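Shown here: protein20.cif, mmCIF, C-alpha atoms and all ligand atoms.
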data_target
loop_
_atom_site.label_atom_id
_atom_site.label_comp_id
_atom_site.auth_asym_id
_atom_site.auth_seq_id
_atom_site.Cartn_x
_atom_site.Cartn_y
_atom_site.Cartn_z
CA MET K 1 0.00 0.00 0.00
CA ASN K 2 1.14 3.50 -0.81
CA ILE K 3 0.23 5.51 2.31
CA GLN K 4 0.32 9.30 2.10
CA ILE K 5 -0.30 11.40 5.21
CA PHE K 6 -1.28 15.05 4.86
CA GLU K 7 -1.48 17.81 7.43
CA ASN K 8 -5.15 18.53 6.88
CA GLU K 9 -8.25 17.21 5.17
CA LYS K 10 -8.22 19.84 2.43
CA GLN K 11 -4.92 18.42 1.20
CA VAL K 12 -6.43 14.91 1.25
CA HIS K 13 -9.31 16.11 -0.94
CA GLU K 14 -6.96 17.84 -3.37
CA ALA K 15 -4.61 14.86 -3.62
CA CYS K 16 -7.58 12.59 -4.31
CA ALA K 17 -8.92 14.89 -7.02
CA ILE K 18 -5.45 15.06 -8.60
CA LEU K 19 -5.33 11.26 -8.88
CA PHE K 20 -8.76 11.15 -10.58
CA ALA K 21 -7.84 14.07 -12.85
CA ALA K 22 -4.61 12.31 -13.84
CA GLN K 23 -6.58 9.16 -14.63
CA LEU K 24 -8.93 11.11 -16.91
CA ILE K 25 -6.05 12.88 -18.65
CA GLU K 26 -4.21 9.59 -19.17
CA ASN K 27 -7.34 7.80 -20.38
CA PRO K 28 -10.40 9.97 -21.14
CA GLU K 29 -12.49 6.79 -21.51
CA SER K 30 -11.74 5.62 -17.99
CA VAL K 31 -14.25 3.62 -15.99
CA LEU K 32 -14.31 5.34 -12.60
CA GLY K 33 -15.64 3.90 -9.35
CA PHE K 34 -17.14 6.49 -7.03
CA ALA K 35 -18.08 6.47 -3.35
CA THR K 36 -20.50 8.39 -1.16
CA GLY K 37 -20.16 9.53 2.46
CA SER K 38 -18.93 12.91 3.57
CA THR K 39 -15.22 12.22 3.03
CA PRO K 40 -15.15 12.31 -0.81
CA VAL K 41 -17.23 15.53 -1.10
CA GLY K 42 -14.19 17.84 -1.01
CA ALA K 43 -12.54 15.82 -3.79
CA TYR K 44 -15.73 16.04 -5.88
CA ASP K 45 -15.73 19.84 -5.40
CA GLU K 46 -12.14 19.95 -6.66
CA LEU K 47 -12.96 17.76 -9.67
CA ALA K 48 -15.89 20.06 -10.53
CA ARG K 49 -13.53 23.03 -10.29
CA MET K 50 -10.96 21.40 -12.58
CA HIS K 51 -13.78 20.58 -14.99
CA ASP K 52 -14.98 24.22 -14.91
CA GLU K 53 -11.50 25.40 -15.67
CA GLY K 54 -11.31 23.11 -18.68
CA ILE K 55 -8.54 20.94 -17.24
CA ILE K 56 -10.53 17.68 -17.27
CA SER K 57 -13.56 16.28 -19.05
CA PHE K 58 -15.76 13.34 -18.07
CA PHE K 59 -17.47 13.25 -21.46
CA HIS K 60 -15.93 9.95 -22.60
CA ALA K 61 -15.68 8.43 -19.12
CA SER K 62 -18.19 6.26 -17.29
CA SER K 63 -18.79 5.57 -13.63
CA PHE K 64 -20.06 2.96 -11.24
CA ASN K 65 -20.96 3.84 -7.66
CA LEU K 66 -20.23 1.46 -4.85
CA ASP K 67 -23.62 1.20 -3.25
CA GLU K 68 -27.18 2.39 -2.63
CA TYR K 69 -29.83 1.97 0.06
CA VAL K 70 -32.54 -0.60 -0.66
CA GLY K 71 -35.95 0.99 -1.10
CA LEU K 72 -34.92 4.54 -1.93
CA GLU K 73 -35.94 6.00 -5.29
CA GLN K 74 -33.21 7.83 -7.22
CA ASP K 75 -34.66 11.23 -6.29
CA HIS K 76 -35.09 10.45 -2.56
CA GLU K 77 -33.29 13.10 -0.56
CA GLN K 78 -30.92 10.56 1.01
CA SER K 79 -30.38 8.28 -1.98
CA TYR K 80 -26.79 7.88 -3.08
CA HIS K 81 -27.94 8.54 -6.65
CA ARG K 82 -29.14 11.98 -5.64
CA PHE K 83 -26.00 12.53 -3.56
CA MET K 84 -23.81 11.87 -6.60
CA MET K 85 -25.87 14.13 -8.87
CA LYS K 86 -25.74 16.96 -6.35
CA ASN K 87 -22.08 16.61 -5.40
CA LEU K 88 -20.52 15.71 -8.74
CA PHE K 89 -22.52 14.79 -11.83
CA ASP K 90 -24.66 17.97 -11.96
CA HIS K 91 -21.40 19.91 -12.29
CA VAL K 92 -19.49 17.89 -14.88
CA ASP K 93 -20.07 16.66 -18.43
CA MET K 94 -20.42 12.90 -17.96
CA PRO K 95 -23.35 11.77 -20.15
CA GLU K 96 -26.23 10.49 -18.02
CA GLU K 97 -26.19 7.10 -19.71
CA ASN K 98 -22.59 6.59 -18.54
CA ILE K 99 -23.51 7.11 -14.87
CA HIS K 100 -24.31 3.96 -12.88
CA VAL K 101 -25.57 3.76 -9.31
CA PRO K 102 -27.30 0.56 -8.13
CA TYR K 103 -31.07 1.08 -8.33
CA GLY K 104 -32.28 0.97 -4.73
CA ALA K 105 -35.99 0.82 -5.59
CA ALA K 106 -35.60 -2.13 -8.01
CA LEU K 107 -38.59 -4.49 -7.77
CA ASP K 108 -36.22 -7.37 -7.28
CA PRO K 109 -32.94 -6.29 -5.63
CA GLU K 110 -31.47 -9.78 -6.23
CA VAL K 111 -31.84 -9.24 -9.99
CA GLU K 112 -30.54 -5.67 -9.77
CA VAL K 113 -27.25 -6.80 -8.20
CA LEU K 114 -26.65 -9.34 -10.99
CA LEU K 115 -27.40 -6.72 -13.66
CA TYR K 116 -25.06 -4.27 -11.94
CA GLU K 117 -22.17 -6.72 -11.76
CA ASN K 118 -22.71 -7.59 -15.45
CA ALA K 119 -22.72 -3.91 -16.42
CA ILE K 120 -19.34 -3.43 -14.72
CA ALA K 121 -17.94 -6.42 -16.59
CA GLU K 122 -19.39 -5.19 -19.90
CA ALA K 123 -17.73 -1.80 -19.35
CA GLY K 124 -14.42 -3.65 -19.10
CA GLY K 125 -14.02 -3.39 -15.32
CA ILE K 126 -13.15 -0.42 -13.13
CA ASP K 127 -9.90 1.46 -13.80
CA LEU K 128 -9.81 3.59 -10.66
CA GLN K 129 -12.02 3.01 -7.62
CA LEU K 130 -12.52 5.56 -4.86
CA LEU K 131 -13.24 4.26 -1.36
CA GLY K 132 -14.06 5.81 1.98
CA ILE K 133 -14.06 3.66 5.11
CA GLY K 134 -16.71 3.11 7.78
CA VAL K 135 -15.84 3.45 11.47
CA ASN K 136 -16.09 -0.35 11.68
CA GLY K 137 -13.74 -0.83 8.72
CA HIS K 138 -16.46 -1.35 6.10
CA ILE K 139 -15.86 -0.50 2.45
CA GLY K 140 -18.87 0.18 0.25
CA PHE K 141 -21.44 -1.46 2.51
CA ASN K 142 -19.38 -4.60 3.05
CA GLU K 143 -19.78 -4.93 6.79
CA PRO K 144 -17.50 -6.93 9.13
CA SER K 145 -17.60 -10.68 8.39
CA SER K 146 -18.42 -10.11 4.70
CA SER K 147 -17.00 -12.58 2.23
CA PHE K 148 -13.77 -11.36 0.64
CA SER K 149 -14.82 -12.78 -2.74
CA ALA K 150 -18.41 -11.50 -2.99
CA GLU K 151 -19.72 -9.74 -6.09
CA THR K 152 -22.44 -7.05 -5.97
CA HIS K 153 -25.07 -8.20 -3.48
CA VAL K 154 -27.79 -7.22 -0.99
CA VAL K 155 -26.60 -6.64 2.60
CA ASP K 156 -28.14 -6.07 6.01
CA LEU K 157 -26.60 -2.97 7.58
CA THR K 158 -25.09 -3.29 11.06
CA PRO K 159 -26.37 -1.18 13.99
CA SER K 160 -23.02 0.70 13.97
CA THR K 161 -23.45 1.75 10.31
CA ILE K 162 -27.12 2.66 10.81
CA GLU K 163 -26.12 4.83 13.74
CA ALA K 164 -23.19 6.43 11.87
CA ASN K 165 -25.38 7.25 8.85
CA ALA K 166 -28.38 8.43 10.91
CA ARG K 167 -26.92 11.95 10.86
CA PHE K 168 -28.14 12.29 7.27
CA PHE K 169 -31.72 11.25 8.12
CA ASP K 170 -34.28 12.75 10.52
CA SER K 171 -33.76 9.80 12.86
CA ALA K 172 -32.02 6.40 12.99
CA ASP K 173 -35.45 4.79 12.42
CA GLU K 174 -35.51 6.23 8.91
CA VAL K 175 -32.17 4.74 7.83
CA PRO K 176 -32.88 1.81 5.48
CA ARG K 177 -31.89 -1.55 6.99
CA GLN K 178 -30.50 -2.97 3.76
CA ALA K 179 -28.29 -1.83 0.91
CA LEU K 180 -27.03 -2.97 -2.48
CA THR K 181 -23.25 -2.95 -2.59
CA MET K 182 -20.41 -3.96 -4.85
CA GLY K 183 -18.82 -6.92 -3.09
CA ILE K 184 -15.25 -6.99 -1.88
CA GLY K 185 -14.46 -9.23 -4.87
CA THR K 186 -15.84 -6.54 -7.21
CA ILE K 187 -13.78 -3.87 -5.46
CA MET K 188 -10.59 -5.96 -5.53
CA ASN K 189 -11.00 -6.37 -9.32
CA ALA K 190 -10.49 -2.62 -9.85
CA LEU K 191 -7.10 -1.95 -11.43
CA LYS K 192 -6.31 0.90 -9.03
CA ILE K 193 -7.87 1.91 -5.71
CA VAL K 194 -7.69 5.18 -3.77
CA LEU K 195 -8.97 5.15 -0.18
CA VAL K 196 -9.54 8.43 1.64
CA ALA K 197 -10.03 8.86 5.39
CA THR K 198 -9.97 11.94 7.58
CA GLY K 199 -10.66 12.62 11.24
CA GLU K 200 -10.01 10.94 14.54
CA ASN K 201 -13.10 8.72 14.34
CA LYS K 202 -11.48 6.77 11.46
CA ALA K 203 -8.11 6.28 13.20
CA GLN K 204 -8.92 2.85 14.68
CA ALA K 205 -10.32 1.47 11.41
CA ILE K 206 -7.26 2.80 9.53
CA ARG K 207 -4.95 1.18 12.04
CA GLU K 208 -6.70 -2.19 11.65
CA MET K 209 -6.71 -1.86 7.86
CA ILE K 210 -2.97 -1.15 7.63
CA ASP K 211 -1.28 -2.61 10.71
CA GLY K 212 -3.71 -5.40 11.56
CA PRO K 213 -3.96 -8.90 10.12
CA ILE K 214 -6.11 -9.49 7.03
CA ASN K 215 -9.33 -10.31 8.80
CA PRO K 216 -13.03 -10.18 7.84
CA ALA K 217 -13.59 -8.30 11.13
CA CYS K 218 -12.02 -5.34 9.27
CA PRO K 219 -13.21 -5.66 5.65
CA ALA K 220 -10.77 -2.95 4.46
CA SER K 221 -7.81 -5.08 5.62
CA ILE K 222 -8.15 -7.15 2.42
CA LEU K 223 -6.75 -4.14 0.56
CA GLN K 224 -3.32 -5.22 1.83
CA LEU K 225 -3.48 -7.86 -0.90
CA HIS K 226 -4.28 -5.46 -3.76
CA ASP K 227 -1.21 -4.39 -5.72
CA ASN K 228 -2.23 -0.80 -6.49
CA VAL K 229 -3.80 0.92 -3.48
CA THR K 230 -3.11 4.52 -2.47
CA VAL K 231 -4.32 5.57 0.98
CA LEU K 232 -4.74 9.31 1.57
CA LEU K 233 -5.01 10.29 5.26
CA ASP K 234 -4.95 13.41 7.35
CA LEU K 235 -2.92 13.44 10.58
CA ALA K 236 -5.96 12.60 12.72
CA ALA K 237 -6.92 9.50 10.71
CA ALA K 238 -3.27 8.39 10.73
CA SER K 239 -2.78 9.05 14.45
CA LEU K 240 -2.93 5.41 15.63
CA LEU K 241 -0.63 3.96 12.93
CA GLN K 242 2.48 2.25 14.22
C1 LIG U 1 -21.23 4.85 4.04
C2 LIG U 1 -20.80 4.41 2.64
C3 LIG U 1 -19.32 4.12 2.57
C4 LIG U 1 -18.54 5.25 3.21
C5 LIG U 1 -18.94 5.37 4.66
C6 LIG U 1 -18.15 6.43 5.42
O1 LIG U 1 -21.48 3.78 4.88
N1 LIG U 1 -21.52 3.26 2.20
O2 LIG U 1 -18.94 3.93 1.21
O3 LIG U 1 -17.16 5.01 3.09
O4 LIG U 1 -20.32 5.71 4.68
O5 LIG U 1 -18.72 7.69 5.25
P1 LIG U 1 -18.11 9.05 5.73
O6 LIG U 1 -17.09 9.44 4.70
O7 LIG U 1 -19.26 9.99 5.77
O8 LIG U 1 -17.51 8.81 7.06
#

What would you get if you wrote out this structure as structure tokens?
Ligand code: GLP
Amino acid sequence: MNIQIFENEKQVHEACAILFAAQLIENPESVLGFATGSTPVGAYDELARMHDEGIISFFHASSFNLDEYVGLEQDHEQSYHRFMMKNLFDHVDMPEENIHVPYGAALDPEVEVLLYENAIAEAGGIDLQLLGIGVNGHIGFNEPSSSFSAETHVVDLTPSTIEANARFFDSADEVPRQALTMGIGTIMNALKIVLVATGENKAQAIREMIDGPINPACPASILQLHDNVTVLLDLAAASLLQ
């Protein structure tokens, strides 16, 4: 793993945006994997700025998001589809048909996950995947004890994730109990991975991911086996590293 520690979170966001910009400049037809959560928002702002300034274009690129809540329509205020439109896609030139987020309100989620995995394969796989990390070490919505080889699938969210994500909803009761997520196998198939984490509340998960054994108790620890992972941390997230 290539681990880069920055003084503050703004630098983490900028470094992340630079890596995605470089990918687009190197290959304008890149297949990009995007993530939700609050951590990537600063990087998306930077990418929108670089797009505004004419430095990068998403016109020939396509994207696949990691996950979505089961039961939420695309325009639901807390859907990850809406999050991505608001924070990135409304501000850049990626054609709508190139944007993929699992469809949370699919009549049959079990069919949706198969279609999603097939669409990734048909696009030729993901060139560069962005990841955040949950406080319990989850990536996408692959919670502790997830299979390391799973493809896109339906998951039950853990109480810790429901609680952590309740801040976006009126109350924890409104957080959906299930999600559709790329599996860890899907994520590990990406050619390159960038994981971003900032703040003290991620320090323990980052420590387990980097210094701990590869263990399903910390799903992100599997990234130790991927041969092209860049981890971008601020000092607080890196504070428990040995
Ligand atoms: C959600 C997402 C993850 C994300 C995590 C952390 O659970 N499914 O992909 O990494 O939140 O989010 P945040 O960056 O807000 O801490």

Can you write out as JSON lines which residues of chain K fall within 6 Å of ligand LIG 1 (chain U), alongside each residue's closest atom pair and its distance in Å to one decimal, counting all atoms listed in the file and ordering rows by chain and ascending residue number?
{"residue": "K:Ala35", "atom": "CA", "partner": "U:LIG1", "partner_atom": "O2", "distance": 5.3}
{"residue": "K:Thr36", "atom": "CA", "partner": "U:LIG1", "partner_atom": "O2", "distance": 5.3}
{"residue": "K:Gly37", "atom": "CA", "partner": "U:LIG1", "partner_atom": "O7", "distance": 3.5}
{"residue": "K:Ser38", "atom": "CA", "partner": "U:LIG1", "partner_atom": "O7", "distance": 3.7}
{"residue": "K:Thr39", "atom": "CA", "partner": "U:LIG1", "partner_atom": "O6", "distance": 3.7}
{"residue": "K:Leu131", "atom": "CA", "partner": "U:LIG1", "partner_atom": "O3", "distance": 6.0}
{"residue": "K:Gly132", "atom": "CA", "partner": "U:LIG1", "partner_atom": "O3", "distance": 3.4}
{"residue": "K:Ile133", "atom": "CA", "partner": "U:LIG1", "partner_atom": "O3", "distance": 3.9}
{"residue": "K:Gly134", "atom": "CA", "partner": "U:LIG1", "partner_atom": "C6", "distance": 4.3}
{"residue": "K:Ile139", "atom": "CA", "partner": "U:LIG1", "partner_atom": "O2", "distance": 5.5}
{"residue": "K:Gly140", "atom": "CA", "partner": "U:LIG1", "partner_atom": "O2", "distance": 3.9}
{"residue": "K:Phe141", "atom": "CA", "partner": "U:LIG1", "partner_atom": "N1", "distance": 4.7}

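With only C-alpha atoms as the atoms that count, the minimum distance from Val101 of chain K to the choices K:Ser171, K:Thr181, K:Asn118, K:Ser147 is reached by K:Thr181.
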
Point-to-point distance in Å for atom CA of Leu157 of chain K and atom CA of Leu241 of chain K: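 Separation of atom CA of Leu241 of chain K and atom CA of Leu157 of chain K: 27.4 Å.
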
Non-local contacts of Glu9 of chain K (10 Å; all atoms listed in the file; under 6 positions in same chain excluded) as a list of chain:residue names: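 Those residues are K:Ala15, K:Thr39, K:Gly42, K:Val196, K:Ala197, K:Thr198, K:Gly199, K:Leu232, K:Leu233, K:Asp234, K:Leu235, K:Ala236, K:Ala237.
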
Within 9 Å of Ile120 of chain K using all atoms listed in the file, minus same-chain residues under 5 positions, as a ChimeraX atom specification: /K:31,64,115,125-126,186

Computed interatomic separation between atom CA of Gln224 of chain K and atom CA of Met182 of chain K (Å): 18.4 Å

Excluding segment 87-92 of chain K and residues on its chain fewer than 6 positions from it, collect all residues at most 10 Å away from it, counting only C-alpha atoms, and give them as an mmCIF file with C-alpha atoms, in the coordinates of the input.
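The resulting around_36.cif:
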data_model
loop_
_atom_site.group_PDB
_atom_site.id
_atom_site.type_symbol
_atom_site.label_atom_id
_atom_site.label_comp_id
_atom_site.auth_asym_id
_atom_site.auth_seq_id
_atom_site.Cartn_x
_atom_site.Cartn_y
_atom_site.Cartn_z
ATOM 1 C CA PHE K 34 -17.140 6.490 -7.030
ATOM 2 C CA THR K 36 -20.500 8.390 -1.160
ATOM 3 C CA PRO K 40 -15.150 12.310 -0.810
ATOM 4 C CA VAL K 41 -17.230 15.530 -1.100
ATOM 5 C CA GLY K 42 -14.190 17.840 -1.010
ATOM 6 C CA ALA K 43 -12.540 15.820 -3.790
ATOM 7 C CA TYR K 44 -15.730 16.040 -5.880
ATOM 8 C CA ASP K 45 -15.730 19.840 -5.400
ATOM 9 C CA GLU K 46 -12.140 19.950 -6.660
ATOM 10 C CA LEU K 47 -12.960 17.760 -9.670
ATOM 11 C CA ALA K 48 -15.890 20.060 -10.530
ATOM 12 C CA ARG K 49 -13.530 23.030 -10.290
ATOM 13 C CA MET K 50 -10.960 21.400 -12.580
ATOM 14 C CA HIS K 51 -13.780 20.580 -14.990
ATOM 15 C CA ASP K 52 -14.980 24.220 -14.910
ATOM 16 C CA ILE K 56 -10.530 17.680 -17.270
ATOM 17 C CA SER K 57 -13.560 16.280 -19.050
ATOM 18 C CA PHE K 58 -15.760 13.340 -18.070
ATOM 19 C CA PHE K 59 -17.470 13.250 -21.460
ATOM 20 C CA HIS K 81 -27.940 8.540 -6.650
ATOM 21 C CA ILE K 99 -23.510 7.110 -14.870
#

Spatial neighbours of Glu174 of chain K, max dist 12 Å, all atoms listed in the file, sep filter under 3 positions, as an NGL selection string: :K and (69 or 71-72 or 77-78 or 162-163 or 165-171 or 177-178)

Å distance separating atom CA of Leu66 of chain K from atom CA of Asp173 of chain K, one decimal place: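 Separation of atom CA of Leu66 of chain K and atom CA of Asp173 of chain K: 23.3 Å.
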
Shortest interatomic distance to Val194 of chain K - which of K:His76, K:His60, K:His13, K:Lys86, counting all atoms listed in the file: K:His13

Which residue of K:Leu32, K:Leu180, K:Ala220, K:Ala205 approaches Asn98 of chain K most closely, using all atoms listed in the file: K:Leu32

Residue with smallest distance to Gly185 of chain K - pool K:His100, K:Lys202, K:His153, K:Arg207, counting all atoms listed in the file: K:His153

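You can rank K:Gly54, K:Glu117, K:Asp127, K:Gly33 by their closest distance to Met84 of chain K using only C-alpha atoms, and at the top of that list sits K:Gly33.
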
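Proximity to Asp227 of chain K was assessed for K:Met1, K:Gln204, K:Ala123, K:Val154 counting only C-alpha atoms; the smallest distance is recorded for K:Met1.
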
Would you be able to write out as a PDB file with C-alpha atoms, in the frame of the given file which residues have an atom within 6 Å of (-5.3, 5.4, -3.1) in the file's coordinates, counting all atoms listed in the file?
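Result file part_34.pdb:
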ATOM      1  CA  ILE K 193      -7.870   1.910  -5.710  1.00  0.00           C
ATOM      2  CA  VAL K 194      -7.690   5.180  -3.770  1.00  0.00           C
ATOM      3  CA  LEU K 195      -8.970   5.150  -0.180  1.00  0.00           C
ATOM      4  CA  VAL K 229      -3.800   0.920  -3.480  1.00  0.00           C
ATOM      5  CA  THR K 230      -3.110   4.520  -2.470  1.00  0.00           C
ATOM      6  CA  VAL K 231      -4.320   5.570   0.980  1.00  0.00           C
TER       7      VAL K 231
END

Neighbour list for Gln242 of chain K as a list of chain:residue names, cut-off 12 Å, only C-alpha atoms, skip fewer than 6 positions in-chain: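 Listed by chain and then number, they are K:Ala203, K:Gln204, K:Ile206, K:Arg207, K:Glu208, K:Met209, K:Ile210, K:Asp211, K:Gly212.
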